[in-house]
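As provided, model-v9.csv (CSV, C-alpha atoms) reads as follows.
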chain,number,residue,atom,x,y,z
A,485,MET,CA,-3.0,-19.3,34.7
A,486,THR,CA,-3.9,-18.4,38.2
A,487,THR,CA,-7.5,-18.1,39.4
A,488,LEU,CA,-8.8,-14.7,40.5
A,489,VAL,CA,-10.5,-14.6,43.8
A,490,GLY,CA,-14.0,-13.2,44.3
A,491,VAL,CA,-15.2,-13.4,40.7
A,492,ASP,CA,-18.5,-15.2,41.4
A,493,THR,CA,-20.4,-11.9,40.7
A,494,ALA,CA,-20.2,-9.3,38.0
A,495,GLU,CA,-19.0,-6.7,40.5
A,496,GLY,CA,-16.4,-9.1,41.9
A,497,ALA,CA,-15.1,-9.9,38.5
A,498,ALA,CA,-14.8,-6.3,37.5
A,499,LYS,CA,-13.0,-5.5,40.8
A,500,ALA,CA,-10.6,-8.5,40.3
A,501,LEU,CA,-9.8,-7.5,36.8
A,502,ARG,CA,-8.7,-4.1,38.0
A,503,THR,CA,-5.9,-5.4,40.1
A,504,THR,CA,-2.2,-5.5,39.1
A,505,ALA,CA,-2.2,-9.3,39.5
A,506,ALA,CA,-5.0,-9.6,36.9
A,507,ILE,CA,-3.3,-7.1,34.5
A,508,ARG,CA,0.0,-9.1,34.7
A,509,GLU,CA,-1.8,-12.4,34.3
A,510,ARG,CA,-3.7,-11.2,31.2
A,511,ALA,CA,-0.5,-9.8,29.7
A,512,ARG,CA,1.3,-13.1,30.1
A,513,SER,CA,-1.6,-14.8,28.4
A,514,CYS,CA,-1.3,-12.5,25.4
A,515,CYS,CA,2.5,-13.0,25.3
A,516,SER,CA,2.2,-16.8,25.2
A,517,ALA,CA,-0.5,-16.9,22.5
A,518,ARG,CA,0.0,-19.8,20.1
A,519,GLY,CA,-2.0,-21.5,17.5
A,520,PRO,CA,-5.6,-21.3,16.2
A,521,ALA,CA,-7.0,-21.2,19.7
A,522,VAL,CA,-6.0,-17.6,19.9
A,523,PRO,CA,-7.1,-16.1,16.6
A,524,LEU,CA,-6.3,-12.4,17.5
A,525,PHE,CA,-2.6,-13.0,17.9
A,526,THR,CA,0.0,-14.6,15.7
A,527,VAL,CA,3.4,-15.3,17.2
A,528,ASP,CA,6.3,-15.8,14.7
A,529,ASP,CA,8.8,-17.7,16.9
A,530,ASP,CA,11.5,-17.6,14.2
A,531,ALA,CA,11.5,-13.8,14.3
A,532,LEU,CA,12.1,-13.6,18.1
A,533,PRO,CA,15.9,-14.0,18.0
A,534,THR,CA,16.2,-11.2,15.5
A,535,ALA,CA,13.9,-8.9,17.5
A,536,ALA,CA,15.9,-9.7,20.7
A,537,ASN,CA,19.2,-8.9,19.0
A,538,GLU,CA,17.9,-5.6,17.7
A,539,VAL,CA,16.7,-4.6,21.1
A,540,ALA,CA,20.0,-5.6,22.7
A,541,GLU,CA,22.0,-3.6,20.1
A,542,VAL,CA,20.0,-0.4,20.5
A,543,THR,CA,20.1,-0.7,24.3
A,544,LEU,CA,23.9,-1.2,24.4
A,545,ALA,CA,24.4,1.7,21.9
A,546,ARG,CA,22.4,4.1,24.1
A,547,TYR,CA,23.3,2.7,27.5
A,548,PRO,CA,26.6,1.0,27.3
A,549,ASP,CA,26.9,0.8,31.1
A,550,LEU,CA,23.4,-0.7,31.2
A,551,ASN,CA,22.4,1.9,33.7
A,552,ILE,CA,18.9,2.3,32.1
A,553,PRO,CA,16.6,4.9,33.6
A,554,PHE,CA,13.0,4.1,34.2
A,555,HIS,CA,10.7,5.2,31.4
A,556,SER,CA,8.1,7.6,32.9
A,557,ARG,CA,6.7,11.0,32.6
A,558,TRP,CA,9.3,12.2,35.1
A,559,ARG,CA,12.1,11.2,32.6
A,560,HIS,CA,10.6,13.5,30.1
A,561,PHE,CA,11.2,16.4,32.5
A,562,GLU,CA,14.9,15.5,32.2
A,563,ALA,CA,15.0,15.5,28.4
A,564,GLY,CA,18.2,16.7,26.9
A,565,GLY,CA,20.1,15.9,30.2
A,566,VAL,CA,18.5,18.8,32.1
A,567,ASP,CA,17.0,18.1,35.5
A,568,ARG,CA,14.2,20.7,35.4
A,569,ALA,CA,11.9,19.7,38.2
A,570,ILE,CA,14.5,19.5,40.9
A,571,GLY,CA,13.6,21.1,44.2
A,572,LEU,CA,9.8,20.5,44.1
A,573,ASP,CA,8.1,19.3,47.2
A,574,ALA,CA,5.9,16.1,47.1
A,575,HIS,CA,2.6,18.0,46.6
A,576,ALA,CA,4.0,20.0,43.7
A,577,MET,CA,5.5,16.9,42.1
A,578,VAL,CA,2.0,15.2,42.1
A,579,ASP,CA,0.4,18.4,40.8
A,580,LEU,CA,3.0,18.5,37.9
A,581,ALA,CA,2.8,14.8,37.1
A,582,VAL,CA,-1.0,14.7,37.0
A,583,VAL,CA,-1.4,17.8,34.8
A,584,SER,CA,1.5,16.8,32.5
A,585,VAL,CA,0.2,13.2,31.9
A,586,LEU,CA,-3.2,14.5,31.0
A,587,LEU,CA,-1.6,16.8,28.4
A,588,ASP,CA,0.4,14.0,26.9
A,589,ALA,CA,-1.7,12.9,23.9
A,590,GLY,CA,-0.4,12.8,20.3
A,591,ALA,CA,0.5,16.3,19.3
A,592,GLY,CA,1.0,15.4,15.6
A,593,PRO,CA,4.1,15.2,13.5
A,594,ASP,CA,4.5,18.9,12.9
A,595,TRP,CA,4.5,20.2,16.4
A,596,HIS,CA,7.7,21.0,18.4
A,597,TYR,CA,8.8,22.9,21.4
A,598,ASP,CA,11.9,25.1,21.5
A,599,GLU,CA,13.3,25.5,25.0
A,600,ALA,CA,14.9,29.0,25.4
A,601,GLY,CA,17.2,28.2,28.2
A,602,SER,CA,18.9,25.2,26.6
A,603,ALA,CA,18.3,26.1,22.9
A,604,LEU,CA,17.1,22.5,22.4
A,605,ARG,CA,14.1,21.5,20.3
A,606,PHE,CA,11.8,18.7,21.5
A,607,THR,CA,8.9,16.8,19.8
A,608,ARG,CA,6.3,14.3,20.8
A,609,SER,CA,6.1,13.1,24.4
A,610,GLU,CA,9.4,14.7,25.3
A,611,GLY,CA,8.3,18.0,23.9
A,612,LEU,CA,4.9,17.8,25.7
A,613,GLY,CA,6.7,17.0,28.9
A,614,VAL,CA,9.2,19.9,28.7
A,615,ALA,CA,6.5,22.3,27.6
A,616,SER,CA,4.2,21.3,30.4
A,617,TRP,CA,7.0,21.7,32.9
A,618,HIS,CA,7.7,25.3,31.7
A,619,ALA,CA,3.9,26.1,31.7
A,620,PHE,CA,3.7,24.7,35.3
A,621,ALA,CA,6.7,26.7,36.5
A,622,ALA,CA,5.3,29.8,35.0
A,623,GLY,CA,2.0,29.4,36.9
A,624,LEU,CA,-0.3,28.6,34.1
A,625,PHE,CA,-2.2,26.1,36.2
A,626,SER,CA,-2.2,28.0,39.4
A,627,SER,CA,-4.7,30.6,40.6
A,628,ASP,CA,-2.2,31.9,43.2
A,629,ARG,CA,0.3,34.3,41.8
A,630,ALA,CA,2.4,34.0,45.0
A,631,HIS,CA,2.6,30.2,44.5
A,632,ARG,CA,3.0,29.6,40.8
A,633,ARG,CA,4.5,26.1,40.9
A,634,GLN,CA,1.2,24.3,41.7
A,635,ALA,CA,-2.0,23.3,40.0
A,636,ASP,CA,-5.3,24.0,41.6
A,637,ALA,CA,-9.0,23.8,40.7
A,638,ALA,CA,-9.5,27.5,40.1
A,639,GLY,CA,-6.4,27.8,38.0
A,640,LEU,CA,-7.4,24.8,35.8
A,641,ARG,CA,-10.9,26.0,35.4
A,642,GLN,CA,-9.7,29.4,34.1
A,643,LEU,CA,-7.5,27.8,31.4
A,644,ASP,CA,-8.4,28.6,27.8
A,645,ALA,CA,-7.1,27.5,24.4
A,646,ASP,CA,-5.2,30.8,23.8
A,647,ARG,CA,-3.2,30.6,27.0
A,648,LEU,CA,-2.3,26.9,26.5
A,649,ALA,CA,-1.4,27.6,22.8
A,650,ASP,CA,0.9,30.4,23.9
A,651,ALA,CA,2.6,28.2,26.5
A,652,PHE,CA,3.1,25.4,24.0
A,653,GLN,CA,4.2,27.6,21.2
A,654,VAL,CA,1.3,26.6,19.0
A,655,GLY,CA,0.7,28.6,15.9
A,656,PRO,CA,0.1,28.4,12.1
A,657,SER,CA,3.7,27.2,11.5
A,658,ASN,CA,3.7,25.0,14.6
A,659,PRO,CA,0.3,23.2,14.8
A,660,MET,CA,-0.8,20.9,17.6
A,661,VAL,CA,-3.4,18.2,17.2
A,662,GLY,CA,-6.1,18.3,19.9
A,663,LEU,CA,-5.4,21.6,21.6
A,664,ASP,CA,-9.0,22.2,22.5
A,665,GLY,CA,-9.4,18.7,23.8
A,666,ARG,CA,-6.4,19.2,26.2
A,667,VAL,CA,-8.0,22.4,27.6
A,668,SER,CA,-11.3,20.6,28.1
A,669,VAL,CA,-9.6,17.7,30.0
A,670,LEU,CA,-7.8,20.1,32.3
A,671,ARG,CA,-10.9,22.2,33.0
A,672,ARG,CA,-12.7,19.0,33.9
A,673,LEU,CA,-9.9,18.1,36.2
A,674,GLY,CA,-10.4,21.4,37.9
A,675,ASP,CA,-14.1,20.5,38.4
A,676,ALA,CA,-13.2,17.1,39.9
A,677,LEU,CA,-10.7,18.7,42.3
A,678,ALA,CA,-13.2,21.2,43.5
A,679,ASP,CA,-15.9,18.6,43.9
A,680,GLN,CA,-13.8,16.4,46.2
A,681,PRO,CA,-12.2,18.7,48.8
A,682,GLU,CA,-11.9,15.7,51.3
A,683,VAL,CA,-9.3,14.2,48.9
A,684,PHE,CA,-7.8,17.2,47.1
A,685,ALA,CA,-6.8,19.6,49.8
A,686,GLN,CA,-6.7,23.2,48.6
A,687,GLY,CA,-8.1,21.9,45.3
A,688,ARG,CA,-4.8,20.4,44.3
A,689,PRO,CA,-4.0,17.0,42.8
A,690,GLY,CA,-1.2,17.0,45.4
A,691,GLY,CA,-3.8,16.3,48.0
A,692,LEU,CA,-3.6,12.7,47.0
A,693,PHE,CA,-0.2,12.5,48.6
A,694,ASP,CA,-1.7,13.2,52.0
A,695,VAL,CA,-4.5,10.8,51.6
A,696,LEU,CA,-2.3,7.9,50.3
A,697,THR,CA,0.3,8.4,53.0
A,698,ALA,CA,-2.1,8.9,55.9
A,699,ALA,CA,-1.5,5.5,57.4
A,700,ASP,CA,1.8,4.5,58.8
A,701,GLY,CA,4.1,2.4,56.7
A,702,PRO,CA,4.8,2.2,53.0
A,703,VAL,CA,2.2,2.4,50.3
A,704,SER,CA,2.5,0.0,47.3
A,705,ALA,CA,1.7,0.6,43.7
A,706,PRO,CA,-1.1,-2.0,43.8
A,707,ASP,CA,-2.6,-0.2,46.8
A,708,ILE,CA,-2.6,3.1,44.9
A,709,LEU,CA,-4.2,1.5,41.8
A,710,ALA,CA,-6.9,-0.3,43.9
A,711,TRP,CA,-7.7,2.9,45.8
A,712,CYS,CA,-8.0,4.9,42.6
A,713,TRP,CA,-10.3,2.4,41.0
A,714,GLY,CA,-12.4,2.1,44.2
A,715,ARG,CA,-12.7,5.8,45.0
A,716,SER,CA,-15.9,6.3,43.0
A,717,ARG,CA,-17.5,3.5,45.0
A,718,GLU,CA,-16.2,4.9,48.3
A,719,TYR,CA,-13.9,2.1,49.0
A,720,GLY,CA,-11.7,4.4,51.1
A,721,PRO,CA,-7.9,4.9,51.2
A,722,PRO,CA,-5.6,1.9,50.8
A,723,THR,CA,-4.4,-0.1,53.8
A,724,THR,CA,-0.7,-0.9,54.2
Please go through the file and, once you have read it, give me the structure as structure tokens.
Amino acid sequence: MTTLVGVDTAEGAAKALRTTAAIRERARSCCSARGPAVPLFTVDDDALPTAANEVAEVTLARYPDLNIPFHSRWRHFEAGGVDRAIGLDAHAMVDLAVVSVLLDAGAGPDWHYDEAGSALRFTRSEGLGVASWHAFAAGLFSSDRAHRRQADAAGLRQLDADRLADAFQVGPSNPMVGLDGRVSVLRRLGDALADQPEVFAQGRPGGLFDVLTAADGPVSAPDILAWCWGRSREYGPPTT
């Protein structure tokens, strides 16, 4: 196990544990758990070949050319082989991803979303992804009728359960778990966007794109994670 730097204080330890290096290190520790010294994990080594074979069989059945797409919220917008979000600019892409991820909590086993254009039915995360895309495209999260494909503070603050239920086809025969909670989360997002105009230009999540790309050169995923963790303590934007 590697040693984390700067952990001689509680604050330093907390900051170090929020890095991608620490996350990967702890994940490796969990995966290598053996014996009574790690009472919370039991590893059955004899079962590993069977598990590996099952994963390989499913993978080859679904992706025989082994061209496996990354699993992400963005893949859910392509459910059913339809590339729905094509043509969005970078700011709109961030708007859509942030709002859609916050809507992605367990919807329950009885909820589904029927897509009119494709005649396809989706459930669970795919359904939530497709439903949130159509809600976004229709302007549910925007306060500007001339620019529907965006999310902004005013639009999110105006959201209510009836409008979200309508967009997600929720009703007595198609119940969704946690509808009111989803509305509350998005309204709170609207408050956060409005409270930090120096980060969220025009009150949009997409303002993050400008902040994170302000410096010349590439921005790495660890940079983004570190900046997000540190924002509340005014650490400033990441350096490249």
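Take the candidates A:Thr543, A:Ser626, A:Gln642, A:Ser556 and check each one against Glu610 in chain A using all atoms listed in the file; the shortest distance goes to A:Ser556.
Picture a line from CA of Ala698 in chain A to CA of Val578 in chain A; it runs 15.7 Å.
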Discussion item. My list of candidates is A:Gln634, A:Thr526, A:Asn658, A:Ser668. Which is closest to Asp573 in chain A when distances are computed with only C-alpha atoms?
Written reply: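 When distances to Asp573 in chain A are compared using only C-alpha atoms, the smallest one comes from A:Gln634.
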Practice prompt. Tell me, as a list in words, which residues lie within 9 Å of Pro593 in chain A, counting all atoms listed in the file; anything in the same chain fewer than 3 positions away does not count.
Written response: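 With the cut-off at 9 Å, the set is Gly590, His596, Thr607, Arg608, Pro659, Met660 and Val661 of chain A.
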Worksheet item: Smallest atom-to-atom distance to Gly690 in chain A: which of A:Thr504, A:Ala576, A:Phe625, A:Ala638, using all atoms listed in the file?
Response: A:Ala576
Discussion item. List as a ChimeraX atom specification the residues having at least one atom at most 10 Å from position (-10.8, 21.3, 36.8) as given in the file, counting all atoms listed in the file.
Written reply: /A:625,635-643,667-679,687-688
